[in-house]
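Asks: If it helps, the file is called protein28.csv and holds CSV, C-alpha atoms:
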chain,number,residue,atom,x,y,z
G,1,MET,CA,1.2,-7.1,19.7
G,2,ALA,CA,-2.3,-8.3,19.1
G,3,SER,CA,-3.1,-9.5,15.6
G,4,SER,CA,-5.4,-7.3,13.5
G,5,HIS,CA,-7.0,-10.4,12.1
G,6,GLY,CA,-8.0,-11.3,15.6
G,7,ARG,CA,-9.7,-7.9,15.9
G,8,GLY,CA,-7.1,-6.5,18.0
G,9,LEU,CA,-5.3,-3.5,16.5
G,10,VAL,CA,-6.5,-1.9,13.3
G,11,HIS,CA,-4.0,-1.3,10.5
G,12,LEU,CA,-3.8,2.2,9.1
G,13,ALA,CA,-2.1,3.6,6.0
G,14,ALA,CA,-2.3,6.9,4.2
G,15,ALA,CA,-1.5,8.2,0.7
G,16,LEU,CA,1.1,10.9,0.4
G,17,ASP,CA,0.2,12.1,-3.1
G,18,GLN,CA,0.6,15.9,-3.6
G,19,PRO,CA,0.2,16.8,-7.2
G,20,SER,CA,1.5,20.4,-6.7
G,21,ALA,CA,4.7,19.3,-5.0
G,22,SER,CA,7.9,20.0,-7.0
G,23,ASP,CA,10.5,18.5,-4.7
G,24,ALA,CA,10.7,15.9,-1.9
G,25,ARG,CA,10.4,18.3,1.1
G,26,PRO,CA,6.5,18.2,1.3
G,27,TYR,CA,6.6,14.4,1.2
G,28,VAL,CA,9.2,14.3,4.0
G,29,GLU,CA,7.0,16.5,6.2
G,30,ALA,CA,3.9,14.5,5.5
G,31,ALA,CA,5.6,11.2,6.2
G,32,ARG,CA,7.0,12.5,9.5
G,33,LEU,CA,3.4,13.5,10.4
G,34,ALA,CA,2.1,10.1,9.5
G,35,GLU,CA,4.9,8.5,11.5
G,36,ARG,CA,4.0,10.6,14.6
G,37,GLY,CA,0.6,9.0,14.3
G,38,GLY,CA,2.0,5.5,14.2
G,39,LEU,CA,0.6,4.6,10.8
G,40,ASP,CA,1.7,1.3,9.4
G,41,PHE,CA,2.8,2.8,6.0
G,42,VAL,CA,2.4,5.5,3.5
G,43,THR,CA,2.0,5.1,-0.2
G,44,LEU,CA,3.0,7.2,-3.2
G,45,ASP,CA,1.7,6.8,-6.7
G,46,ASP,CA,3.8,7.4,-9.7
G,47,THR,CA,2.3,10.1,-11.9
G,48,GLN,CA,3.4,12.4,-14.7
G,49,ALA,CA,1.6,15.1,-12.9
G,50,ARG,CA,4.6,15.2,-10.6
G,51,PRO,CA,7.4,16.2,-13.1
G,52,GLY,CA,10.9,15.1,-12.4
G,53,LEU,CA,10.1,13.0,-9.3
G,54,ASP,CA,9.2,9.4,-9.4
G,55,ALA,CA,7.8,7.6,-6.4
G,56,LEU,CA,10.9,5.5,-5.7
G,57,THR,CA,13.1,8.6,-5.8
G,58,VAL,CA,10.8,10.5,-3.4
G,59,LEU,CA,10.6,7.7,-0.9
G,60,SER,CA,14.3,7.1,-1.0
G,61,ARG,CA,14.7,10.7,0.2
G,62,VAL,CA,11.9,10.2,2.8
G,63,ALA,CA,13.6,7.0,4.2
G,64,PRO,CA,16.6,8.7,6.0
G,65,ALA,CA,14.3,11.4,7.4
G,66,THR,CA,12.0,8.8,9.1
G,67,GLY,CA,12.7,5.9,11.3
G,68,ARG,CA,9.7,3.6,11.6
G,69,ILE,CA,6.9,4.1,9.1
G,70,GLY,CA,6.6,1.8,6.0
G,71,LEU,CA,7.3,3.3,2.6
G,72,VAL,CA,5.3,1.9,-0.4
G,73,PRO,CA,5.8,3.4,-3.8
G,74,THR,CA,3.8,2.4,-6.8
G,75,VAL,CA,6.1,0.5,-9.2
G,76,THR,CA,4.7,0.0,-12.7
G,77,SER,CA,4.8,-3.6,-13.8
G,78,THR,CA,4.7,-3.5,-17.6
G,79,HIS,CA,8.4,-4.0,-18.5
G,80,PRO,CA,10.0,-7.4,-18.9
G,81,GLU,CA,13.3,-6.3,-17.3
G,82,LEU,CA,11.8,-7.0,-13.9
G,83,PHE,CA,15.1,-7.5,-12.1
G,84,ARG,CA,15.9,-3.7,-12.3
G,85,VAL,CA,12.6,-2.9,-10.7
G,86,LEU,CA,13.2,-5.5,-8.0
G,87,ALA,CA,16.7,-4.1,-7.4
G,88,ALA,CA,15.4,-0.6,-7.0
G,89,VAL,CA,12.8,-1.6,-4.5
G,90,ALA,CA,15.3,-3.8,-2.7
G,91,THR,CA,17.6,-0.8,-2.4
G,92,LEU,CA,14.8,1.2,-0.8
G,93,ASP,CA,14.2,-1.7,1.6
G,94,ARG,CA,17.9,-1.7,2.5
G,95,VAL,CA,18.1,2.1,2.9
G,96,SER,CA,15.0,2.1,5.1
G,97,ARG,CA,16.1,-1.0,7.1
G,98,GLY,CA,13.2,-3.2,6.2
G,99,ARG,CA,10.4,-0.6,5.8
G,100,ALA,CA,9.8,-0.9,2.1
G,101,GLY,CA,6.9,-2.3,0.1
G,102,TRP,CA,6.0,-2.1,-3.5
G,103,ARG,CA,2.6,-1.5,-5.0
G,104,ILE,CA,2.4,-3.6,-8.1
G,105,ASP,CA,0.5,-1.6,-10.7
G,106,GLY,CA,-0.1,-2.1,-14.4
G,107,SER,CA,-2.2,0.9,-15.0
G,108,THR,CA,0.4,3.7,-15.3
G,109,ALA,CA,3.8,4.2,-16.9
G,110,GLY,CA,5.6,6.2,-14.3
G,111,SER,CA,8.6,5.0,-12.3
G,112,GLU,CA,9.4,2.1,-14.6
G,113,ALA,CA,9.5,4.5,-17.6
G,114,ARG,CA,12.0,6.6,-15.7
G,115,LEU,CA,14.0,3.7,-14.5
G,116,LEU,CA,14.1,1.7,-17.7
G,117,GLY,CA,13.3,4.2,-20.6
G,118,ARG,CA,10.0,5.5,-21.9
G,119,ARG,CA,7.5,3.3,-23.6
G,120,PRO,CA,4.0,4.0,-24.9
G,121,ALA,CA,1.2,3.5,-22.4
G,122,ALA,CA,-0.9,0.4,-23.0
G,123,PRO,CA,-4.6,-0.1,-22.6
G,124,ALA,CA,-5.7,-0.6,-18.9
G,125,HIS,CA,-7.3,-4.0,-19.2
G,126,PRO,CA,-4.3,-5.9,-20.7
G,127,LEU,CA,-2.1,-4.2,-18.1
G,128,ARG,CA,-4.2,-5.7,-15.3
G,129,GLY,CA,-3.4,-9.1,-16.7
G,130,GLU,CA,0.3,-8.2,-17.0
G,131,THR,CA,0.3,-7.3,-13.3
G,132,GLY,CA,-0.4,-10.9,-12.5
G,133,GLU,CA,2.3,-12.1,-14.9
G,134,VAL,CA,4.9,-9.7,-13.3
G,135,ALA,CA,3.8,-10.8,-9.8
G,136,ASP,CA,4.4,-14.4,-10.8
G,137,ARG,CA,7.8,-13.6,-12.3
G,138,ALA,CA,8.8,-11.6,-9.3
G,139,ALA,CA,7.9,-14.6,-7.0
G,140,LYS,CA,10.0,-16.9,-9.2
G,141,LEU,CA,12.9,-14.5,-9.0
G,142,CYS,CA,12.6,-14.2,-5.3
G,143,ASP,CA,12.8,-18.0,-4.7
G,144,GLY,CA,15.3,-18.7,-7.5
G,145,ARG,CA,12.9,-20.1,-10.1
G,146,ALA,CA,13.4,-17.5,-12.8
G,147,ASP,CA,12.5,-18.9,-16.2
G,148,ASP,CA,14.0,-18.1,-19.6
G,149,ASP,CA,11.4,-15.3,-20.3
G,150,THR,CA,12.7,-13.2,-17.4
G,151,GLU,CA,15.4,-10.9,-18.7
G,152,ILE,CA,18.1,-10.6,-16.0
G,153,ARG,CA,21.1,-10.0,-18.2
G,154,ASP,CA,21.4,-6.3,-17.1
G,155,MET,CA,21.1,-7.0,-13.3
G,156,PRO,CA,24.3,-5.9,-11.6
G,157,ASN,CA,26.2,-8.6,-9.7
G,158,GLY,CA,25.9,-8.4,-6.0
G,159,GLY,CA,22.7,-6.4,-5.9
G,160,PRO,CA,21.4,-5.5,-2.4
G,161,ARG,CA,19.2,-8.0,-0.7
G,162,PRO,CA,16.3,-6.8,1.4
G,163,PRO,CA,17.0,-7.3,5.1
G,164,HIS,CA,13.7,-9.1,5.7
G,165,GLY,CA,12.9,-11.3,2.7
G,166,HIS,CA,11.1,-9.6,-0.2
G,167,PRO,CA,9.6,-6.2,0.4
G,168,VAL,CA,5.9,-6.2,1.3
G,169,ARG,CA,3.8,-6.6,-1.9
G,170,VAL,CA,0.6,-4.4,-2.2
G,171,VAL,CA,-2.0,-5.0,-4.9
G,172,ASP,CA,-5.2,-3.0,-5.5
G,173,ALA,CA,-7.8,-5.8,-5.5
G,174,THR,CA,-10.9,-3.7,-6.2
G,175,ASP,CA,-11.4,-5.0,-9.7
G,176,GLU,CA,-12.2,-8.6,-10.2
G,177,PRO,CA,-9.3,-9.4,-12.6
G,178,ALA,CA,-6.8,-8.3,-9.9
G,179,ARG,CA,-8.2,-10.4,-7.1
G,180,ARG,CA,-6.6,-13.7,-8.0
G,181,THR,CA,-3.2,-11.9,-8.3
G,182,ALA,CA,-3.7,-10.3,-4.9
G,183,ALA,CA,-4.9,-13.6,-3.3
G,184,ARG,CA,-1.9,-15.5,-4.7
G,185,TYR,CA,0.9,-13.0,-4.2
G,186,ALA,CA,0.0,-9.9,-2.2
G,187,ASP,CA,0.8,-9.3,1.5
G,188,VAL,CA,-1.7,-6.4,1.5
G,189,ALA,CA,-4.8,-6.1,-0.7
G,190,LEU,CA,-6.4,-2.7,-1.1
G,191,VAL,CA,-10.2,-2.7,-1.8
G,192,ARG,CA,-12.2,0.4,-2.5
G,193,ALA,CA,-15.6,-0.3,-1.0
G,194,ALA,CA,-18.5,2.0,-0.2
G,195,SER,CA,-20.2,-0.3,2.3
G,196,ALA,CA,-19.3,-2.7,5.0
G,197,ALA,CA,-21.1,-5.5,3.1
G,198,GLN,CA,-19.2,-4.9,-0.1
G,199,ALA,CA,-15.8,-4.8,1.8
G,200,ALA,CA,-16.7,-8.0,3.7
G,201,ALA,CA,-17.7,-9.9,0.5
G,202,VAL,CA,-14.4,-9.0,-1.3
G,203,ARG,CA,-12.3,-9.9,1.8
G,204,ASP,CA,-14.1,-13.3,2.1
G,205,GLN,CA,-13.4,-13.9,-1.6
G,206,LEU,CA,-9.8,-13.0,-1.3
G,207,ARG,CA,-9.2,-15.2,1.7
G,208,ALA,CA,-11.0,-18.1,0.1
G,209,THR,CA,-8.9,-17.8,-3.1
G,210,ALA,CA,-5.7,-17.5,-1.1
G,211,ALA,CA,-6.6,-20.8,0.6
G,212,GLU,CA,-7.1,-22.3,-2.9
G,213,PHE,CA,-3.5,-21.3,-3.7
G,214,GLY,CA,-2.3,-23.1,-0.6
G,215,ARG,CA,-1.8,-19.9,1.4
G,216,ARG,CA,-2.9,-19.3,4.9
G,217,PRO,CA,-5.8,-16.8,4.7
G,218,ASP,CA,-4.4,-14.8,7.6
G,219,GLU,CA,-1.2,-14.1,5.6
G,220,LEU,CA,-3.2,-11.5,3.6
G,221,ARG,CA,-4.1,-8.1,5.1
G,222,VAL,CA,-7.2,-6.5,3.5
G,223,LEU,CA,-7.4,-2.8,3.8
G,224,ALA,CA,-10.4,-0.7,2.7
G,225,GLY,CA,-9.5,2.3,0.6
G,226,LEU,CA,-11.3,5.5,1.2
G,227,LEU,CA,-10.9,9.1,0.0
G,228,VAL,CA,-11.3,11.3,3.1
G,229,ASP,CA,-12.4,14.9,3.2
G,230,LEU,CA,-12.1,16.2,6.8
G,231,GLY,CA,-12.3,19.9,5.9
G,232,ASP,CA,-15.9,21.0,6.3
G,233,GLY,CA,-17.0,19.7,9.6
G,234,GLU,CA,-19.7,17.1,10.3
G,235,HIS,CA,-21.7,16.5,7.1
G,236,ALA,CA,-24.9,14.6,7.2
G,237,ALA,CA,-24.6,10.9,6.8
G,238,ALA,CA,-25.1,9.3,3.5
G,239,PRO,CA,-28.2,7.0,3.2
G,240,GLY,CA,-27.4,3.7,4.9
G,241,HIS,CA,-24.4,4.9,6.7
G,242,GLY,CA,-23.9,6.4,10.1
G,243,GLY,CA,-21.7,9.3,11.0
G,244,GLY,CA,-21.0,10.6,7.5
G,245,GLY,CA,-20.1,7.2,6.1
G,246,PRO,CA,-18.6,6.8,2.6
G,247,ARG,CA,-20.6,7.4,-0.5
G,248,GLN,CA,-19.6,6.3,-4.0
G,249,THR,CA,-18.2,8.9,-6.3
G,250,ALA,CA,-16.4,8.9,-9.6
G,251,GLN,CA,-13.1,8.9,-7.7
G,252,GLY,CA,-14.1,6.0,-5.5
G,253,PRO,CA,-15.7,5.8,-2.0
G,254,LEU,CA,-15.6,9.2,-0.3
G,255,TYR,CA,-15.9,9.9,3.4
G,256,ARG,CA,-16.8,13.5,4.0
G,257,GLY,CA,-17.3,14.6,7.6
G,258,GLY,CA,-15.3,15.0,10.8
G,259,PRO,CA,-12.5,13.0,12.5
G,260,VAL,CA,-14.8,11.7,15.2
G,261,ASP,CA,-17.2,10.0,12.8
G,262,LEU,CA,-14.4,8.7,10.7
G,263,ALA,CA,-13.0,7.0,13.9
G,264,ALA,CA,-16.4,5.6,14.6
G,265,LEU,CA,-16.6,4.2,11.0
G,266,ILE,CA,-13.1,2.6,11.3
G,267,ALA,CA,-13.9,1.1,14.7
G,268,THR,CA,-17.2,-0.3,13.5
G,269,TRP,CA,-15.9,-1.9,10.3
G,270,HIS,CA,-12.9,-3.4,12.0
G,271,GLY,CA,-14.9,-4.6,15.0
G,272,GLU,CA,-17.3,-6.4,12.7
G,273,GLY,CA,-14.3,-8.2,11.0
G,274,VAL,CA,-15.1,-6.5,7.7
G,275,VAL,CA,-11.5,-5.5,7.0
G,276,ASP,CA,-8.1,-5.6,8.7
G,277,GLY,CA,-7.6,-1.9,8.3
G,278,PHE,CA,-7.9,1.2,6.1
G,279,HIS,CA,-5.8,2.9,3.4
G,280,LEU,CA,-6.9,6.6,3.5
G,281,THR,CA,-6.3,9.2,0.8
G,282,PRO,CA,-6.6,12.7,2.0
G,283,ALA,CA,-8.7,15.0,-0.3
G,284,GLU,CA,-6.6,17.9,0.8
G,285,PRO,CA,-3.2,16.3,1.4
G,286,LEU,CA,-1.6,18.2,4.4
G,287,ARG,CA,-4.9,19.5,6.0
G,288,ASP,CA,-6.6,16.1,6.0
G,289,LEU,CA,-3.6,14.2,7.0
G,290,GLU,CA,-3.1,16.5,10.0
G,291,ARG,CA,-6.7,16.1,11.0
G,292,LEU,CA,-6.5,12.3,10.5
G,293,VAL,CA,-3.5,12.0,12.8
G,294,ASN,CA,-4.4,14.5,15.5
G,295,GLY,CA,-8.1,13.6,15.4
G,296,THR,CA,-9.1,10.2,14.1
G,297,VAL,CA,-5.9,8.4,15.1
G,298,ALA,CA,-5.9,9.9,18.6
G,299,LEU,CA,-9.4,8.8,19.2
G,300,LEU,CA,-8.6,5.2,18.0
G,301,GLN,CA,-5.6,5.2,20.3
G,302,HIS,CA,-7.7,6.4,23.2
G,303,ARG,CA,-10.1,3.5,22.6
G,304,GLY,CA,-7.2,1.0,22.5
G,305,LEU,CA,-7.8,0.2,18.8
G,306,PHE,CA,-4.5,1.5,17.4
G,307,ARG,CA,-0.9,1.5,18.5
G,308,THR,CA,0.6,4.4,20.5
G,309,PHE,CA,4.1,3.4,19.5
G,310,TYR,CA,5.9,1.2,17.1
G,311,PRO,CA,6.9,-2.1,18.9
G,312,GLY,CA,9.0,-3.1,15.9
G,313,SER,CA,11.1,-1.4,13.2
G,314,THR,CA,10.1,-3.1,9.9
G,315,LEU,CA,6.9,-2.9,7.8
G,316,ARG,CA,6.4,-6.7,8.3
G,317,GLU,CA,6.4,-6.2,12.0
G,318,HIS,CA,3.9,-3.4,11.8
G,319,LEU,CA,1.6,-5.6,9.7
G,320,ASP,CA,2.1,-8.8,11.8
G,321,LEU,CA,3.5,-10.5,8.8
G,322,ALA,CA,6.1,-13.3,9.0
G,323,VAL,CA,9.4,-13.1,7.1
G,324,PRO,CA,9.1,-15.1,3.9
G,325,ALA,CA,11.4,-18.0,3.3
G,326,GLN,CA,12.4,-16.7,-0.1
G,327,ARG,CA,14.7,-13.7,-0.4
G,328,CYS,CA,14.5,-11.2,-3.2
G,329,GLY,CA,17.0,-8.9,-4.8
What would you get if you wrote out this structure as structure tokens?

Replies:
Amino acid sequence: MASSHGRGLVHLAAALDQPSASDARPYVEAARLAERGGLDFVTLDDTQARPGLDALTVLSRVAPATGRIGLVPTVTSTHPELFRVLAAVATLDRVSRGRAGWRIDGSTAGSEARLLGRRPAAPAHPLRGETGEVADRAAKLCDGRADDDTEIRDMPNGGPRPPHGHPVRVVDATDEPARRTAARYADVALVRAASAAQAAAVRDQLRATAAEFGRRPDELRVLAGLLVDLGDGEHAAAPGHGGGGPRQTAQGPLYRGGPVDLAALIATWHGEGVVDGFHLTPAEPLRDLERLVNGTVALLQHRGLFRTFYPGSTLREHLDLAVPAQRCG
């Protein structure tokens, strides 16, 4: 399969978040739809707006109902008992046969609170710093360099090992404090950008910083994050953008228009080497995901810019990422 970095195939991912869902069934349906479109992976945030269901639990139920698509829950990173978090993600990776990732996030208190016991939410800025600390500890645990500050006393003996090294690590690198963490540890960096120039600047910065840390820049996939509203037909383009391009909103960059122009936007940004792919959040979960798969994705496939089938079975294979030497879990 052609490398996305070489401007071959674009990488595509979608958010599954459905605030009104009360059980796992709507997520299973959405993940199956995304899989029919050949998307690299789906993400699910952990939020208290979804009572009773944390992201890891939901995606653990999605795993046996799907066969190829990657599964990336948000796993909050504010608790020192990191081994339990890693063990939970490793279990998802084993259940899904190598399709798991984990989105390292210090801004919420969701799945970790349910896994490890409630704790008060901390201010957002210190948590961004703690995301880097936890990513560092996780890396040490994965290659056997755990230090005395990492509490591993409660880790069950014989915990499951992920079948393909550590699960894929995803970091939101939109904010400046998170970019060094993403450049050093992430396999996938998400960047909310409202213009091609902005996305290109952040991607260049991430790749340069990754090289400073001794990484090969092409080990990092940079995906532009967009909120997409495909429900009202072809809206007029925002100033400076063609085909209903993204405009900045309080919720982040928003594309509002039709599937055809969204495909054109994706093809243009990817063709110019601005990003390696896109992480798309449907404004109306099921409606926009269906239009994304049956409209935008179909057009990209027709143009030879996106896969028509999964040539591999693991998330690392979908993303053209090598299996890491260290093994986590």

Asks: Using all atoms listed in the file, find all polymer residues with an atom at most 6 Å away from the point (8.9, 5.8, -2.1); report them as a compact mmCIF listing (two decimals) with C-alpha atoms, in the frame of the given file.

Replies:
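Writing the result to point.txt gives the following:
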# COMPACT_ATOMS: atom_id res chain seq x y z
CA ALA G 55 7.80 7.60 -6.40
CA LEU G 56 10.90 5.50 -5.70
CA VAL G 58 10.80 10.50 -3.40
CA LEU G 59 10.60 7.70 -0.90
CA SER G 60 14.30 7.10 -1.00
CA LEU G 71 7.30 3.30 2.60
CA VAL G 72 5.30 1.90 -0.40
CA PRO G 73 5.80 3.40 -3.80

Asks: So what do you get for atom CA of Gly257 of chain G versus atom CA of Arg303 of chain G, distance-wise?

Replies: 20.0 Å

Asks: Near Arg247 of chain G, within 7 Å and counting only C-alpha atoms, which residues show up once chain neighbours fewer than 5 positions away are dropped, as number ranges by chain?

Replies: G: 194, 238, 253-255

Asks: Hey, can you check how far atom CA of Leu206 of chain G sits from atom CA of Asp46 of chain G?

Replies: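 We find that atom CA of Leu206 of chain G and atom CA of Asp46 of chain G lie 25.9 Å from each other.
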
Asks: Please report the interatomic distance between atom CA of Ala88 of chain G and atom CA of Leu33 of chain G in Å with one decimal.

Replies: 25.4 Å

Asks: Determine the nearest neighbour of Ala298 of chain G from the options G:Leu39, G:Gln18, G:Pro246, G:Phe213, counting only C-alpha atoms.

Replies: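 Among the listed residues, G:Leu39 lies closest to Ala298 of chain G.
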
Asks: Quick one: residues within 12 Å of Leu289 of chain G, all atoms listed in the file counted, chain neighbours fewer than 6 positions away excluded, as a PyMOL selection string?

Replies: chain G and resi 13-18+27+29-37+39+42+227-231+259+280-283+295-297

Asks: Excluding segment 305-314 of chain G and residues on its chain fewer than 2 positions from it, collect all residues at most 9 Å away from it, counting all atoms listed in the file, and give them as a PyMOL selection string.

Replies: chain G and resi 1+7-12+36-40+67-70+96-100+164+267+297-303+316-319

Asks: For segment 180-192 of chain G, supply N, CA, C and O atoms and format the output as a short mmCIF file (atom, residue, chain, number, x, y, z; two decimals), keeping the file's coordinate frame.

Replies:
data_model
loop_
_atom_site.label_atom_id
_atom_site.label_comp_id
_atom_site.auth_asym_id
_atom_site.auth_seq_id
_atom_site.Cartn_x
_atom_site.Cartn_y
_atom_site.Cartn_z
N ARG G 180 -7.37 -12.43 -8.08
CA ARG G 180 -6.60 -13.70 -8.00
C ARG G 180 -5.11 -13.38 -7.84
O ARG G 180 -4.41 -14.10 -7.12
N THR G 181 -4.63 -12.31 -8.49
CA THR G 181 -3.20 -11.90 -8.30
C THR G 181 -2.99 -11.55 -6.84
O THR G 181 -2.01 -11.98 -6.23
N ALA G 182 -3.89 -10.74 -6.26
CA ALA G 182 -3.70 -10.30 -4.90
C ALA G 182 -3.80 -11.56 -3.94
O ALA G 182 -3.00 -11.69 -3.00
N ALA G 183 -4.75 -12.46 -4.19
CA ALA G 183 -4.90 -13.60 -3.30
C ALA G 183 -3.69 -14.53 -3.37
O ALA G 183 -3.35 -15.18 -2.37
N ARG G 184 -3.03 -14.58 -4.52
CA ARG G 184 -1.90 -15.50 -4.70
C ARG G 184 -0.58 -14.89 -4.19
O ARG G 184 0.25 -15.59 -3.60
N TYR G 185 -0.39 -13.59 -4.42
CA TYR G 185 0.90 -13.00 -4.20
C TYR G 185 1.00 -11.88 -3.18
O TYR G 185 2.06 -11.61 -2.63
N ALA G 186 -0.09 -11.15 -2.97
CA ALA G 186 0.00 -9.90 -2.20
C ALA G 186 0.12 -10.21 -0.68
O ALA G 186 -0.38 -11.21 -0.17
N ASP G 187 0.82 -9.32 0.00
CA ASP G 187 0.80 -9.30 1.50
C ASP G 187 -0.33 -8.38 1.93
O ASP G 187 -0.92 -8.62 2.98
N VAL G 188 -0.61 -7.34 1.15
CA VAL G 188 -1.70 -6.40 1.50
C VAL G 188 -2.53 -6.19 0.22
O VAL G 188 -2.00 -5.92 -0.86
N ALA G 189 -3.84 -6.35 0.36
CA ALA G 189 -4.80 -6.10 -0.70
C ALA G 189 -5.59 -4.84 -0.37
O ALA G 189 -6.13 -4.74 0.73
N LEU G 190 -5.66 -3.90 -1.31
CA LEU G 190 -6.40 -2.70 -1.10
C LEU G 190 -7.78 -2.86 -1.85
O LEU G 190 -7.81 -3.30 -3.00
N VAL G 191 -8.86 -2.50 -1.19
CA VAL G 191 -10.20 -2.70 -1.80
C VAL G 191 -10.99 -1.38 -1.55
O VAL G 191 -11.21 -0.97 -0.41
N ARG G 192 -11.38 -0.76 -2.64
CA ARG G 192 -12.20 0.40 -2.50
C ARG G 192 -13.67 -0.01 -2.42
O ARG G 192 -14.25 -0.51 -3.38
#
